[in-house]
file entry.pdb (PDB, C-alpha atoms (C1' of nucleotides))
ATOM      1  CA  MET V   1     -23.900 -37.771  56.228
ATOM      2  CA  ALA V   2     -25.959 -40.343  54.379
ATOM      3  CA  ASP V   3     -29.163 -39.660  56.167
ATOM      4  CA  SER V   4     -30.541 -38.081  53.026
ATOM      5  CA  GLU V   5     -31.953 -41.505  52.191
ATOM      6  CA  ASP V   6     -33.159 -44.016  54.740
ATOM      7  CA  GLN V   7     -33.652 -46.828  52.247
ATOM      8  CA  PRO V   8     -30.932 -46.941  49.638
ATOM      9  CA  VAL V   9     -33.510 -46.037  46.996
ATOM     10  CA  GLU V  10     -34.568 -49.257  45.338
ATOM     11  CA  ARG V  11     -32.496 -50.248  42.403
ATOM     12  CA  ILE V  12     -32.992 -48.144  39.315
ATOM     13  CA  SER V  13     -33.457 -49.900  36.026
ATOM     14  CA  ASP V  14     -31.853 -49.084  32.755
ATOM     15  CA  ALA V  15     -34.799 -47.276  31.252
ATOM     16  CA  GLU V  16     -35.331 -45.406  34.476
ATOM     17  CA  HIS V  17     -31.731 -44.382  34.429
ATOM     18  CA  ALA V  18     -32.231 -42.627  31.116
ATOM     19  CA  VAL V  19     -34.951 -40.541  32.710
ATOM     20  CA  MET V  20     -32.747 -39.773  35.664
ATOM     21  CA  GLU V  21     -30.034 -38.558  33.342
ATOM     22  CA  ALA V  22     -32.460 -36.111  31.841
ATOM     23  CA  LEU V  23     -33.379 -34.839  35.273
ATOM     24  CA  TRP V  24     -29.798 -34.607  36.386
ATOM     25  CA  GLU V  25     -29.078 -32.606  33.300
ATOM     26  CA  LYS V  26     -31.706 -30.065  34.230
ATOM     27  CA  SER V  27     -34.333 -29.922  36.912
ATOM     28  CA  PRO V  28     -37.055 -29.482  37.706
ATOM     29  CA  GLN V  29     -38.704 -30.510  34.504
ATOM     30  CA  THR V  30     -42.201 -31.386  33.463
ATOM     31  CA  ALA V  31     -43.012 -34.781  32.020
ATOM     32  CA  VAL V  32     -43.250 -33.236  28.606
ATOM     33  CA  GLU V  33     -39.806 -31.729  28.901
ATOM     34  CA  VAL V  34     -38.341 -35.015  30.000
ATOM     35  CA  CYS V  35     -39.958 -36.676  27.031
ATOM     36  CA  ASP V  36     -38.463 -34.061  24.758
ATOM     37  CA  SER V  37     -35.057 -35.025  26.092
ATOM     38  CA  VAL V  38     -35.327 -38.775  25.933
ATOM     39  CA  CYS V  39     -38.181 -39.867  23.703
ATOM     40  CA  GLY V  40     -36.157 -39.047  20.647
ATOM     41  CA  GLU V  41     -33.042 -41.043  21.343
ATOM     42  CA  ARG V  42     -34.802 -43.973  22.944
ATOM     43  CA  GLY V  43     -37.774 -44.078  20.620
ATOM     44  CA  TRP V  44     -40.220 -43.766  23.481
ATOM     45  CA  SER V  45     -43.644 -42.282  23.598
ATOM     46  CA  MET V  46     -45.087 -40.023  26.226
ATOM     47  CA  PRO V  47     -46.861 -42.778  28.203
ATOM     48  CA  THR V  48     -43.599 -44.606  28.635
ATOM     49  CA  VAL V  49     -41.975 -41.583  30.186
ATOM     50  CA  LYS V  50     -44.964 -41.103  32.449
ATOM     51  CA  THR V  51     -44.680 -44.656  33.679
ATOM     52  CA  LEU V  52     -40.986 -44.367  34.295
ATOM     53  CA  LEU V  53     -41.432 -41.126  36.171
ATOM     54  CA  SER V  54     -44.113 -42.681  38.352
ATOM     55  CA  ARG V  55     -41.941 -45.641  39.121
ATOM     56  CA  LEU V  56     -39.060 -43.396  40.013
ATOM     57  CA  VAL V  57     -41.297 -41.390  42.304
ATOM     58  CA  ALA V  58     -42.506 -44.620  43.879
ATOM     59  CA  LYS V  59     -38.923 -45.685  44.395
ATOM     60  CA  GLY V  60     -38.124 -42.425  46.058
ATOM     61  CA  ALA V  61     -35.570 -41.437  43.472
ATOM     62  CA  VAL V  62     -37.533 -38.502  42.145
ATOM     63  CA  SER V  63     -39.635 -35.881  43.872
ATOM     64  CA  THR V  64     -42.602 -34.020  42.529
ATOM     65  CA  GLU V  65     -43.707 -30.514  43.122
ATOM     66  CA  PRO V  66     -47.093 -29.357  41.918
ATOM     67  CA  ASP V  67     -47.016 -26.518  39.457
ATOM     68  CA  GLY V  68     -50.563 -25.598  38.615
ATOM     69  CA  ARG V  69     -52.219 -28.577  37.101
ATOM     70  CA  ARG V  70     -49.026 -30.479  36.421
ATOM     71  CA  PHE V  71     -45.941 -31.690  38.192
ATOM     72  CA  LEU V  72     -42.385 -30.630  38.176
ATOM     73  CA  TYR V  73     -40.008 -33.514  38.670
ATOM     74  CA  SER V  74     -36.646 -33.291  40.341
ATOM     75  CA  PRO V  75     -34.115 -35.942  41.195
ATOM     76  CA  LEU V  76     -33.961 -36.894  44.831
ATOM     77  CA  LEU V  77     -31.144 -39.294  44.303
ATOM     78  CA  ALA V  78     -27.939 -37.456  43.497
ATOM     79  CA  ARG V  79     -26.132 -38.540  40.393
ATOM     80  CA  ASP V  80     -22.962 -38.980  42.350
ATOM     81  CA  ASP V  81     -24.655 -41.347  44.740
ATOM     82  CA  TYR V  82     -26.085 -43.368  41.931
ATOM     83  CA  VAL V  83     -22.869 -43.488  39.978
ATOM     84  CA  GLY V  84     -20.933 -44.316  43.089
ATOM     85  CA  GLY V  85     -23.281 -47.125  43.974
ATOM     86  CA  GLU V  86     -23.183 -48.637  40.541
ATOM     87  CA  SER V  87     -19.430 -48.396  40.326
ATOM     88  CA  ARG V  88     -19.064 -49.987  43.689
ATOM     89  CA  ARG V  89     -21.437 -52.763  42.719
ATOM     90  CA  LEU V  90     -19.425 -53.564  39.649
ATOM     91  CA  VAL V  91     -16.127 -53.487  41.438
ATOM     92  CA  ASP V  92     -17.494 -55.687  44.191
ATOM     93  CA  ARG V  93     -19.099 -58.150  41.867
ATOM     94  CA  LEU V  94     -16.326 -58.517  39.354
ATOM     95  CA  PHE V  95     -13.140 -57.534  41.038
ATOM     96  CA  GLY V  96     -13.549 -58.610  44.596
ATOM     97  CA  GLY V  97     -14.090 -55.051  45.693
ATOM     98  CA  ARG V  98     -10.717 -53.836  44.609
ATOM     99  CA  ALA V  99     -10.378 -51.145  42.013
ATOM    100  CA  ALA V 100      -6.894 -51.921  40.797
ATOM    101  CA  PRO V 101      -7.948 -55.013  38.848
ATOM    102  CA  LEU V 102     -10.656 -52.990  37.166
ATOM    103  CA  PHE V 103      -8.097 -50.476  36.158
ATOM    104  CA  ALA V 104      -5.770 -53.195  34.964
ATOM    105  CA  HIS V 105      -8.566 -54.628  32.926
ATOM    106  CA  LEU V 106      -9.422 -51.378  31.265
ATOM    107  CA  ALA V 107      -5.782 -50.792  30.592
ATOM    108  CA  GLU V 108      -5.331 -54.202  29.070
ATOM    109  CA  ALA V 109      -8.418 -53.865  26.939
ATOM    110  CA  GLU V 110      -7.016 -50.608  25.690
ATOM    111  CA  ALA V 111     -10.110 -48.934  26.949
ATOM    112  CA  LEU V 112      -7.982 -46.136  28.253
ATOM    113  CA  SER V 113      -7.313 -43.225  25.989
ATOM    114  CA  ASP V 114      -4.178 -41.171  26.289
ATOM    115  CA  ASP V 115      -6.288 -38.472  27.795
ATOM    116  CA  ASP V 116      -7.594 -40.894  30.382
ATOM    117  CA  ILE V 117      -4.115 -41.916  31.316
ATOM    118  CA  ALA V 118      -2.901 -38.365  31.606
ATOM    119  CA  GLU V 119      -5.916 -37.468  33.681
ATOM    120  CA  ILE V 120      -5.462 -40.404  35.983
ATOM    121  CA  GLU V 121      -1.847 -39.569  36.497
ATOM    122  CA  ARG V 122      -2.854 -36.068  37.385
ATOM    123  CA  LEU V 123      -5.359 -37.367  39.901
ATOM    124  CA  LEU V 124      -2.844 -39.688  41.419
ATOM    125  CA  LYS V 125      -0.367 -36.900  41.802
ATOM    126  CA  GLU V 126      -2.997 -34.813  43.467
ATOM    127  CA  MET V 127      -3.972 -37.574  45.835
ATOM    128  CA  ARG V 128      -0.451 -38.089  46.943
ATOM    129  CA  LYS V 129      -0.208 -34.540  48.097
TER     130      LYS V 129
ATOM    131  CA  MET U 130      -9.785 -62.690  16.920
ATOM    132  CA  ALA U 131     -13.289 -62.385  18.240
ATOM    133  CA  ASP U 132     -14.753 -65.119  16.106
ATOM    134  CA  SER U 133     -15.033 -67.312  19.147
ATOM    135  CA  GLU U 134     -18.556 -65.979  19.532
ATOM    136  CA  ASP U 135     -20.782 -64.918  16.668
ATOM    137  CA  GLN U 136     -23.506 -63.482  18.853
ATOM    138  CA  PRO U 137     -22.160 -61.611  21.847
ATOM    139  CA  VAL U 138     -23.692 -64.230  24.155
ATOM    140  CA  GLU U 139     -26.980 -62.857  25.406
ATOM    141  CA  ARG U 140     -26.733 -60.838  28.539
ATOM    142  CA  ILE U 141     -26.007 -62.829  31.663
ATOM    143  CA  SER U 142     -28.103 -62.146  34.708
ATOM    144  CA  ASP U 143     -26.925 -61.747  38.245
ATOM    145  CA  ALA U 144     -27.840 -65.209  39.401
ATOM    146  CA  GLU U 145     -26.354 -66.702  36.283
ATOM    147  CA  HIS U 146     -23.185 -64.820  36.925
ATOM    148  CA  ALA U 147     -22.760 -66.599  40.242
ATOM    149  CA  VAL U 148     -22.868 -69.901  38.416
ATOM    150  CA  MET U 149     -20.369 -68.661  35.866
ATOM    151  CA  GLU U 150     -18.004 -67.698  38.646
ATOM    152  CA  ALA U 151     -18.116 -71.229  39.932
ATOM    153  CA  LEU U 152     -17.318 -72.566  36.490
ATOM    154  CA  TRP U 153     -14.548 -70.071  35.930
ATOM    155  CA  GLU U 154     -13.085 -71.132  39.226
ATOM    156  CA  LYS U 155     -12.899 -74.721  38.091
ATOM    157  CA  SER U 156     -14.196 -76.570  35.081
ATOM    158  CA  PRO U 157     -15.612 -78.782  33.935
ATOM    159  CA  GLN U 158     -17.962 -79.429  36.787
ATOM    160  CA  THR U 159     -21.133 -81.401  37.251
ATOM    161  CA  ALA U 160     -24.326 -79.699  38.308
ATOM    162  CA  VAL U 161     -23.893 -81.152  41.757
ATOM    163  CA  GLU U 162     -20.436 -79.709  42.074
ATOM    164  CA  VAL U 163     -21.613 -76.318  40.966
ATOM    165  CA  CYS U 164     -24.350 -76.491  43.554
ATOM    166  CA  ASP U 165     -21.793 -77.356  46.182
ATOM    167  CA  SER U 166     -19.966 -74.170  45.312
ATOM    168  CA  VAL U 167     -22.871 -71.781  45.146
ATOM    169  CA  CYS U 168     -25.931 -73.203  46.865
ATOM    170  CA  GLY U 169     -24.431 -72.498  50.230
ATOM    171  CA  GLU U 170     -23.634 -68.836  49.868
ATOM    172  CA  ARG U 171     -26.686 -67.999  47.820
ATOM    173  CA  GLY U 172     -29.129 -70.203  49.662
ATOM    174  CA  TRP U 173     -30.146 -72.004  46.513
ATOM    175  CA  SER U 174     -31.393 -75.499  46.007
ATOM    176  CA  MET U 175     -30.343 -77.937  43.361
ATOM    177  CA  PRO U 176     -33.208 -77.205  40.942
ATOM    178  CA  THR U 177     -32.259 -73.567  40.871
ATOM    179  CA  VAL U 178     -28.744 -74.375  39.808
ATOM    180  CA  LYS U 179     -30.059 -76.735  37.156
ATOM    181  CA  THR U 180     -32.262 -74.031  35.746
ATOM    182  CA  LEU U 181     -29.484 -71.503  35.698
ATOM    183  CA  LEU U 182     -27.153 -73.944  34.005
ATOM    184  CA  SER U 183     -29.760 -74.670  31.349
ATOM    185  CA  ARG U 184     -30.306 -71.030  30.714
ATOM    186  CA  LEU U 185     -26.604 -70.442  30.399
ATOM    187  CA  VAL U 186     -26.333 -73.296  27.956
ATOM    188  CA  ALA U 187     -29.239 -71.855  25.996
ATOM    189  CA  LYS U 188     -27.499 -68.509  25.939
ATOM    190  CA  GLY U 189     -24.357 -70.087  24.626
ATOM    191  CA  ALA U 190     -22.316 -69.077  27.626
ATOM    192  CA  VAL U 191     -21.726 -72.602  28.853
ATOM    193  CA  SER U 192     -21.021 -75.825  27.023
ATOM    194  CA  THR U 193     -21.914 -79.347  28.067
ATOM    195  CA  GLU U 194     -20.072 -82.549  27.569
ATOM    196  CA  PRO U 195     -21.752 -85.824  28.375
ATOM    197  CA  ASP U 196     -20.047 -87.899  31.006
ATOM    198  CA  GLY U 197     -21.931 -91.103  31.389
ATOM    199  CA  ARG U 198     -25.432 -90.319  32.415
ATOM    200  CA  ARG U 199     -24.721 -86.764  33.454
ATOM    201  CA  PHE U 200     -23.199 -83.605  32.065
ATOM    202  CA  LEU U 201     -20.014 -81.785  32.640
ATOM    203  CA  TYR U 202     -20.376 -78.051  32.285
ATOM    204  CA  SER U 203     -17.679 -75.691  31.124
ATOM    205  CA  PRO U 204     -17.725 -71.978  30.485
ATOM    206  CA  LEU U 205     -17.746 -70.991  26.851
ATOM    207  CA  LEU U 206     -17.664 -67.318  27.608
ATOM    208  CA  ALA U 207     -14.284 -66.322  28.990
ATOM    209  CA  ARG U 208     -14.278 -64.473  32.256
ATOM    210  CA  ASP U 209     -12.159 -61.759  30.757
ATOM    211  CA  ASP U 210     -14.658 -61.192  27.989
ATOM    212  CA  TYR U 211     -17.502 -61.011  30.436
ATOM    213  CA  VAL U 212     -15.698 -58.734  32.811
ATOM    214  CA  GLY U 213     -14.522 -56.567  29.966
ATOM    215  CA  GLY U 214     -18.008 -56.269  28.576
ATOM    216  CA  GLU U 215     -19.555 -55.373  31.888
ATOM    217  CA  SER U 216     -16.872 -52.844  32.670
ATOM    218  CA  ARG U 217     -17.267 -51.267  29.293
ATOM    219  CA  ARG U 218     -21.019 -51.124  29.724
ATOM    220  CA  LEU U 219     -20.691 -49.328  33.001
ATOM    221  CA  VAL U 220     -18.126 -46.881  31.736
ATOM    222  CA  ASP U 221     -20.232 -46.176  28.678
ATOM    223  CA  ARG U 222     -23.432 -45.773  30.564
ATOM    224  CA  LEU U 223     -22.195 -43.685  33.442
ATOM    225  CA  PHE U 224     -19.066 -41.967  32.319
ATOM    226  CA  GLY U 225     -19.605 -41.284  28.664
ATOM    227  CA  GLY U 226     -17.248 -44.075  27.733
ATOM    228  CA  ARG U 227     -14.226 -42.521  29.403
ATOM    229  CA  ALA U 228     -12.446 -44.309  32.189
ATOM    230  CA  ALA U 229     -10.850 -41.326  33.865
ATOM    231  CA  PRO U 230     -14.103 -40.103  35.436
ATOM    232  CA  LEU U 231     -14.708 -43.565  36.836
ATOM    233  CA  PHE U 232     -11.307 -43.489  38.341
ATOM    234  CA  ALA U 233     -11.889 -40.014  39.707
ATOM    235  CA  HIS U 234     -15.116 -41.189  41.209
ATOM    236  CA  LEU U 235     -13.579 -44.160  42.932
ATOM    237  CA  ALA U 236     -10.818 -41.957  44.190
ATOM    238  CA  GLU U 237     -13.218 -39.391  45.530
ATOM    239  CA  ALA U 238     -15.369 -42.007  47.191
ATOM    240  CA  GLU U 239     -12.256 -43.309  48.860
ATOM    241  CA  ALA U 240     -12.921 -46.611  47.237
ATOM    242  CA  LEU U 241      -9.256 -46.894  46.447
ATOM    243  CA  SER U 242      -7.039 -48.541  48.966
ATOM    244  CA  ASP U 243      -3.407 -47.641  49.261
ATOM    245  CA  ASP U 244      -2.622 -50.937  47.644
ATOM    246  CA  ASP U 245      -4.887 -50.075  44.757
ATOM    247  CA  ILE U 246      -3.149 -46.785  44.256
ATOM    248  CA  ALA U 247       0.274 -48.309  44.379
ATOM    249  CA  GLU U 248      -0.790 -50.978  41.950
ATOM    250  CA  ILE U 249      -2.278 -48.492  39.556
ATOM    251  CA  GLU U 250       0.836 -46.395  39.643
ATOM    252  CA  ARG U 251       2.835 -49.454  38.834
ATOM    253  CA  LEU U 252       0.575 -50.235  35.902
ATOM    254  CA  LEU U 253       0.798 -46.721  34.627
ATOM    255  CA  LYS U 254       4.562 -46.791  34.792
ATOM    256  CA  GLU U 255       4.533 -50.015  32.885
ATOM    257  CA  MET U 256       2.221 -48.676  30.234
ATOM    258  CA  ARG U 257       4.355 -45.669  29.620
ATOM    259  CA  LYS U 258       7.274 -47.865  28.736
TER     260      LYS U 258
ATOM    261  C1'  DG P 259     -71.353 -23.329  31.309
ATOM    262  C1'  DC P 260     -69.363 -27.000  28.613
ATOM    263  C1'  DG P 261     -66.371 -29.651  25.940
ATOM    264  C1'  DC P 262     -61.701 -30.502  24.891
ATOM    265  C1'  DA P 263     -56.910 -30.870  25.707
ATOM    266  C1'  DA P 264     -53.326 -31.730  28.902
ATOM    267  C1'  DG P 265     -51.637 -34.170  32.552
ATOM    268  C1'  DG P 266     -51.484 -37.711  36.038
ATOM    269  C1'  DT P 267     -53.108 -42.571  37.478
ATOM    270  C1'  DT P 268     -54.435 -47.343  36.447
ATOM    271  C1'  DT P 269     -54.237 -51.137  33.886
ATOM    272  C1'  DA P 270     -51.947 -54.171  30.454
ATOM    273  C1'  DC P 271     -48.974 -57.345  28.746
ATOM    274  C1'  DA P 272     -44.996 -59.740  27.033
ATOM    275  C1'  DA P 273     -40.253 -60.862  28.194
ATOM    276  C1'  DG P 274     -36.735 -61.770  31.532
ATOM    277  C1'  DC P 275     -35.408 -63.258  36.110
ATOM    278  C1'  DG P 276     -35.192 -65.715  40.653
ATOM    279  C1'  DT P 277     -36.520 -69.676  42.587
ATOM    280  C1'  DA P 278     -38.131 -74.156  42.654
ATOM    281  C1'  DG P 279     -41.309 -78.349  41.933
ATOM    282  C1'  DT P 280     -42.502 -82.203  38.829
ATOM    283  C1'  DC P 281     -41.626 -85.470  35.103
ATOM    284  C1'  DG P 282     -39.416 -88.835  32.538
ATOM    285  C1'  DA P 283     -35.471 -91.616  31.460
ATOM    286  C1'  DT P 284     -31.813 -94.551  33.017
ATOM    287  C1'  DG P 285     -28.197 -96.919  35.206
ATOM    288  C1'  DC P 286     -27.174 -99.564  39.369
ATOM    289  C1'  DA P 287     -28.141-102.377  43.424
ATOM    290  C1'  DA P 288     -30.575-106.155  45.273
TER     291       DA P 288
ATOM    292  C1'  DT F 289     -35.278-108.132  36.621
ATOM    293  C1'  DT F 290     -37.270-104.761  39.023
ATOM    294  C1'  DG F 291     -37.290-100.713  41.918
ATOM    295  C1'  DC F 292     -35.061 -96.769  43.338
ATOM    296  C1'  DA F 293     -31.964 -93.069  43.225
ATOM    297  C1'  DT F 294     -30.132 -89.707  40.095
ATOM    298  C1'  DC F 295     -29.950 -86.524  36.549
ATOM    299  C1'  DG F 296     -31.476 -83.516  32.970
ATOM    300  C1'  DA F 297     -35.822 -81.428  30.856
ATOM    301  C1'  DC F 298     -40.042 -79.266  31.362
ATOM    302  C1'  DT F 299     -43.272 -76.551  33.878
ATOM    303  C1'  DA F 300     -44.481 -73.058  37.212
ATOM    304  C1'  DC F 301     -45.102 -68.749  39.258
ATOM    305  C1'  DG F 302     -44.588 -64.304  41.239
ATOM    306  C1'  DC F 303     -41.842 -60.114  40.463
ATOM    307  C1'  DT F 304     -39.512 -56.561  37.736
ATOM    308  C1'  DT F 305     -38.828 -54.239  33.436
ATOM    309  C1'  DG F 306     -39.875 -52.171  29.001
ATOM    310  C1'  DT F 307     -43.357 -50.277  26.595
ATOM    311  C1'  DA F 308     -47.735 -48.352  26.127
ATOM    312  C1'  DA F 309     -52.934 -47.860  25.996
ATOM    313  C1'  DA F 310     -57.098 -46.463  28.537
ATOM    314  C1'  DC F 311     -59.042 -43.675  31.820
ATOM    315  C1'  DC F 312     -60.064 -39.889  34.845
ATOM    316  C1'  DT F 313     -59.844 -35.233  36.339
ATOM    317  C1'  DT F 314     -59.510 -30.452  35.775
ATOM    318  C1'  DG F 315     -58.534 -25.933  34.004
ATOM    319  C1'  DC F 316     -59.186 -23.049  29.872
ATOM    320  C1'  DG F 317     -61.187 -21.352  25.737
ATOM    321  C1'  DC F 318     -65.508 -20.432  23.320
TER     322       DC F 318
END
call {"tool": "encode", "arguments": {"input": "entry.pdb", "output": "C-alpha cells"}}
result
Amino acid sequence: MADSEDQPVERISDAEHAVMEALWEKSPQTAVEVCDSVCGERGWSMPTVKTLLSRLVAKGAVSTEPDGRRFLYSPLLARDDYVGGESRRLVDRLFGGRAAPLFAHLAEAEALSDDDIAEIERLLKEMRK
Amino acid sequence: MADSEDQPVERISDAEHAVMEALWEKSPQTAVEVCDSVCGERGWSMPTVKTLLSRLVAKGAVSTEPDGRRFLYSPLLARDDYVGGESRRLVDRLFGGRAAPLFAHLAEAEALSDDDIAEIERLLKEMRK
DNA sequence: GCGCAAGGTTTACAAGCGTAGTCGATGCAA
DNA sequence: TTGCATCGACTACGCTTGTAAACCTTGCGC
C-alpha cells in the first residue's frame, strides 16, 4: 500500500482544509459548487476558492478533470489519510507518540461525552476479539 | 478558574512550541540554557532562540524575570492548557468535536500500542467509578 | 461574427513564521 | 578606565497563508 502518493502531499493549510472537506463531502465538484459549500460559512468570495483549489492542485491533493470549458475537482488525498496524518502529528508532537496520554487528557478535560465513552468501550471490546 | 489568561494567548507556532517544551521541562531558564536544550536537535543558532523567546513573551506565553544583566524565562501558559487547546482544536476540526472517532481512527491505523490500550481501559474503568 | 459571461491563471499584498544577522547597552577583566 | 564579551532588542528576509483583484481565453447567445 501507500504508493498512491510518492510525496506525502505537502502540508495542507487550514483554509485549504475547508475546501478539502467540501470535496470529501461530494466529488467531483466545480469551483462554483465548492464555493457554494464553503463561501457562506467562511465568508469567502469566489476568487479565494479558486486560489485555494489551485494551490491544492499544485500540492497534489486535488485532481482536475476537464468538463467542457471548466474543471471538475476531486480529492486525490483521501480524508482518512489526511485525518490519520494530522492525528499522528498531534500525538507525536504533544504526547510523545503515545495515544494513551491524549486519551487521558481528553478524559480529564471532560472532553469525552458519555456517548464517546460508550463508543470507545465498544471499540475496545471489538479490538480485543 | 480560567482568569489566569484574559486573552487565550495567541496561537503558538511550531518552532515556538519547541521552546515552550524546553521551558516546561525546566524553568526558569536563561536564553542560553534554552538554546542548549533545543539548538542541538533543531539545528538552531542562538539568535533564533532569542527571537522565539521574544515572540513568546510578546504573545504572553512566557514571562521574564530579570536576573542581573540577563533574563530568566518561565512559561506563563501551562502545558496542560496548551495541550488541551491543541487537542480540542484537532478534535473539533477533524472529528466534529467528538473524541470517539479520533479514538477509532487511531485504533484503525494501529497507532495504539498494547500498552496504550491497557492504559485506556484502566482509565475507563476509573472513570466509571 | 462579435461581445459578454464564465471559468481558469497570474499577480498582489499583508500577516505570520522560520531563521538569523546587526546594534546598542553594560558589566567585568585587565 | 577602557575594551571586550555578553545579552537583549531591533532589523531582515524569504516563504507560506489568507484573501482577493486583474487578466486572459473561450464558448454561447444575439
call {"tool": "closest_atom_pairs", "arguments": {"input": "entry.pdb", "of": "chain P", "to": "chain V", "cutoff": "10 Å", "atoms": "only C-alpha atoms (C1' of nucleotides)", "output": "Markdown table"}}
result
| residue | atom | partner | partner_atom | distance |
| --- | --- | --- | --- | --- |
| P:DA264 | C1' | V:Arg70 | CA | 8.8 |
| P:DG265 | C1' | V:Arg70 | CA | 6.0 |
| P:DG266 | C1' | V:Arg70 | CA | 7.6 |
| P:DT267 | C1' | V:Ser54 | CA | 9.0 |
call {"tool": "write_last_selection", "arguments": {"input": "entry.pdb", "atoms": "C-alpha atoms (C1' of nucleotides)", "output": "CSV table (one decimal), in the frame of the given file"}}
result
chain,number,residue,atom,x,y,z
P,264,DA,C1',-53.3,-31.7,28.9
P,265,DG,C1',-51.6,-34.2,32.6
P,266,DG,C1',-51.5,-37.7,36.0
P,267,DT,C1',-53.1,-42.6,37.5
call {"tool": "axis_aligned_box", "arguments": {"input": "entry.pdb", "around": "region 247-252 of chain U", "padding_each_side": "6 Å", "output": "AutoDock Vina command-line options"}}
result
--center_x 0.3 --center_y -48.7 --center_z 40.1 --size_x 17.1 --size_y 16.6 --size_z 20.5
call {"tool": "residues_around", "arguments": {"input": "entry.pdb", "residues": "region 299-303 of chain F", "least_positions_apart": "5", "cutoff": "10 Å", "atoms": "all atoms listed in the file", "output": "PyMOL selection string"}}
result
chain P and resi 275-281
call {"tool": "atom_distance", "arguments": {"input": "entry.pdb", "atom1": "CA of Pro157 (chain U)", "atom2": "CA of Ser203 (chain U)"}}
result
4.7 Å
call {"tool": "resolve_selection", "arguments": {"input": "entry.pdb", "expression": "the PyMOL selection byres ((chain U and resi 151-154) around 12)", "output": "JSON list (two decimals) with C-alpha atoms, keeping the file's coordinate frame"}}
result
[["chain", "number", "residue", "atom", "x", "y", "z"],
["U", 144, "ALA", "CA", -27.84, -65.21, 39.40],
["U", 145, "GLU", "CA", -26.35, -66.70, 36.28],
["U", 146, "HIS", "CA", -23.18, -64.82, 36.92],
["U", 147, "ALA", "CA", -22.76, -66.60, 40.24],
["U", 148, "VAL", "CA", -22.87, -69.90, 38.42],
["U", 149, "MET", "CA", -20.37, -68.66, 35.87],
["U", 150, "GLU", "CA", -18.00, -67.70, 38.65],
["U", 155, "LYS", "CA", -12.90, -74.72, 38.09],
["U", 156, "SER", "CA", -14.20, -76.57, 35.08],
["U", 157, "PRO", "CA", -15.61, -78.78, 33.94],
["U", 158, "GLN", "CA", -17.96, -79.43, 36.79],
["U", 159, "THR", "CA", -21.13, -81.40, 37.25],
["U", 160, "ALA", "CA", -24.33, -79.70, 38.31],
["U", 161, "VAL", "CA", -23.89, -81.15, 41.76],
["U", 162, "GLU", "CA", -20.44, -79.71, 42.07],
["U", 163, "VAL", "CA", -21.61, -76.32, 40.97],
["U", 164, "CYS", "CA", -24.35, -76.49, 43.55],
["U", 165, "ASP", "CA", -21.79, -77.36, 46.18],
["U", 166, "SER", "CA", -19.97, -74.17, 45.31],
["U", 167, "VAL", "CA", -22.87, -71.78, 45.15],
["U", 168, "CYS", "CA", -25.93, -73.20, 46.86],
["U", 170, "GLU", "CA", -23.63, -68.84, 49.87],
["U", 178, "VAL", "CA", -28.74, -74.38, 39.81],
["U", 182, "LEU", "CA", -27.15, -73.94, 34.01],
["U", 185, "LEU", "CA", -26.60, -70.44, 30.40],
["U", 190, "ALA", "CA", -22.32, -69.08, 27.63],
["U", 191, "VAL", "CA", -21.73, -72.60, 28.85],
["U", 192, "SER", "CA", -21.02, -75.82, 27.02],
["U", 193, "THR", "CA", -21.91, -79.35, 28.07],
["U", 201, "LEU", "CA", -20.01, -81.78, 32.64],
["U", 202, "TYR", "CA", -20.38, -78.05, 32.28],
["U", 203, "SER", "CA", -17.68, -75.69, 31.12],
["U", 204, "PRO", "CA", -17.73, -71.98, 30.48],
["U", 205, "LEU", "CA", -17.75, -70.99, 26.85],
["U", 206, "LEU", "CA", -17.66, -67.32, 27.61],
["U", 207, "ALA", "CA", -14.28, -66.32, 28.99],
["U", 208, "ARG", "CA", -14.28, -64.47, 32.26],
["U", 209, "ASP", "CA", -12.16, -61.76, 30.76],
["U", 210, "ASP", "CA", -14.66, -61.19, 27.99],
["U", 211, "TYR", "CA", -17.50, -61.01, 30.44],
["U", 212, "VAL", "CA", -15.70, -58.73, 32.81]]
call {"tool": "resolve_selection", "arguments": {"input": "entry.pdb", "expression": "the PyMOL selection byres ((chain V) within 8 of (chain F))", "output": "PyMOL selection string"}}
result
chain V and resi 13+15+44-45+47-48+69
call {"tool": "atom_distance", "arguments": {"input": "entry.pdb", "atom1": "CA of Ala229 (chain U)", "atom2": "CA of Asp116 (chain V)"}}
result
4.8 Å
call {"tool": "resolve_selection", "arguments": {"input": "entry.pdb", "expression": "the PyMOL selection byres ((chain V) within 10 of (chain U))", "output": "VMD selection string"}}
result
chain V and resid 14 17 to 18 21 79 to 88 90 to 91 93 to 95 97 to 109 111 to 113 115 to 121 123 to 125 127 to 128
call {"tool": "atom_distance", "arguments": {"input": "entry.pdb", "atom1": "CA of Asp243 (chain U)", "atom2": "CA of Lys129 (chain V)"}}
result
13.5 Å
